[in-house]
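What follows is a set of notes on a single structure, which appears directly below.
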Amino acid sequence: MDGDIASGGIAVLISGRGSNLHAILRAPVGAKVSAIISDNLQAAGLQFADDYDKPAFVVTPEDFSSPVEWAEKLAELLRASQPEIIALAGFMRILPPSIVREFAGRLINIHPSLLPEFPGLHTHARVLAAGVKLHGCTVHYVSEQIDGGKIIAQQEVAVLPEDDENTLAARVLEQEHLLYPQVLATLLK
Ligand code: GRF
């Protein structure tokens with residue numbers, strides 16, 4: 001899987017399902033996606049690169065002798081495509097500080113909670129366990145602190161008494177799919 005590198009636009013980094021990538025591609029701002037990069041050859045979301053005729057690149061850490069070499073390859077790809085924005089969309093690897101620093105101000109992420117509440121994994125289960133009534137999602141700049149960068153936009157989602165982890169996750173995801181393309185369109189204006 002490969003393709004020509006188109007300069008500018010949005011590079012989207014994924015690891016799995018890719019539903020946020022899909023939401024971005026089917027929005028008007030999807031025309032600006034210039035590269036799709038995955039750290040996982042099995043990522044289901046890579047299918048969307050084919051569907052929308054976008055260049056896709058797979059850079060798996062297992063193919064490199066060290067995390068540093070993997071990061072250097074990723075940075076090379078990003079330098080070559082010179083994206084205006086690098087959008088992490090379910091990218092499940094922590095980016096090394098060298099990449100965060102080099103692309104600071106252009107790297108953004110979507111996270112399924114109202115940051116700074118509930119950074120990290122399993123947010124929906126943790127929200128239910130904590131008994132909070134308001135949940136949601138956040139688009140933020142990526143900094144060296146995990147899920148700790150400057151917040152760009154948030155969308156609230158009410159927690160319903162009958163919610164379980166799946167129903168809550170589904171309602172938050174619906175809002176992620178609206179919020180991420182909107183934020184990208186605004187940032188690229
Ligand atoms: C989303 O909930 C996103 O907020 C989080 O990881 C999940 C990715 O889902 N960072 P998908 O791969 O976009 O479907």
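Following the order of the structure tokens, first chain is A, next is B, and so on, with residues numbered from 1 inside each chain and ligands from 1 in the order they appear.
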Q | Shell of 6 Å around ligand 1 (only C-alpha atoms and all ligand atoms), written as a PyMOL selection string | A | chain A and resi 16-21+89-90+110-112+173
Give me, as a tab-separated table, each residue of segment 5-109 of chain A that comes within 9 Å of segment 145-164 of chain A, together with its shortest interatomic pair and the distance in Å at one decimal, counting only C-alpha atoms, with rows ordered by chain and rising residue number.
residue	atom	partner	partner_atom	distance
A:Ile94	CA	A:Ile146	CA	7.9
A:Ile108	CA	A:Gly149	CA	8.7
A:Asn109	CA	A:Asp147	CA	8.2
**Q.** Computed interatomic separation between atom CA of Phe57 of chain A and atom CA of Ala75 of chain A (Å)
**A.**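 Atom CA of Ala75 of chain A lies at a distance of 12.4 Å from atom CA of Phe57 of chain A.
If you measure from each of A:Asp39, A:Glu102, A:Asp51, A:Glu165 to Glu76 of chain A using only C-alpha atoms, the closest one turns out to be A:Glu102.
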Q: Mind the document's chain letters and residue numbers, and return as number ranges by chain the residues of segment 21-143 of chain A that DSSP labels helix (DSSP H, G or I).
A: A: 21-26, 28-32, 46-51, 61-63, 67-81, 97-102, 123-130
Q. For His177 of chain A, which residue out of A:Leu13, A:Cys137, A:Leu78, A:Leu95 is the nearest one, using only C-alpha atoms?
A. A:Cys137
With a cut-off of 9 Å, could you pull out the residues of segment 67-136 of chain A touching segment 181-188 of chain A and give me the nearest pair of atoms for each, distance in Å to one decimal, using only C-alpha atoms, ordered by chain and ascending number, as CSV?
residue,atom,partner,partner_atom,distance
A:Glu84,CA,A:Leu188,CA,7.6
A:Ile85,CA,A:Leu188,CA,7.9
A:Ala87,CA,A:Leu184,CA,8.4
Kindly export the residues of the current selection with N, CA, C and O atoms, as a PDB file, in the first residue's frame.
ATOM      1  N   GLU A  84      -0.464  20.655   6.360  1.00  0.00           N
ATOM      2  CA  GLU A  84      -0.770  21.825   7.197  1.00  0.00           C
ATOM      3  C   GLU A  84      -1.217  21.343   8.579  1.00  0.00           C
ATOM      4  O   GLU A  84      -0.973  21.994   9.576  1.00  0.00           O
ATOM      5  N   ILE A  85      -1.926  20.222   8.578  1.00  0.00           N
ATOM      6  CA  ILE A  85      -2.425  19.644   9.831  1.00  0.00           C
ATOM      7  C   ILE A  85      -2.163  18.133   9.816  1.00  0.00           C
ATOM      8  O   ILE A  85      -2.370  17.470   8.794  1.00  0.00           O
ATOM      9  N   ALA A  87      -3.652  15.013  11.726  1.00  0.00           N
ATOM     10  CA  ALA A  87      -4.790  14.693  12.589  1.00  0.00           C
ATOM     11  C   ALA A  87      -4.677  13.251  13.071  1.00  0.00           C
ATOM     12  O   ALA A  87      -4.750  12.317  12.269  1.00  0.00           O
TER      13      ALA A  87
END
Q.
Quick check for you: according to DSSP on this backbone, which residues of segment 38-98 of chain A are classed as strand (DSSP E or B)? Reply as a count of residues only.
A. 8
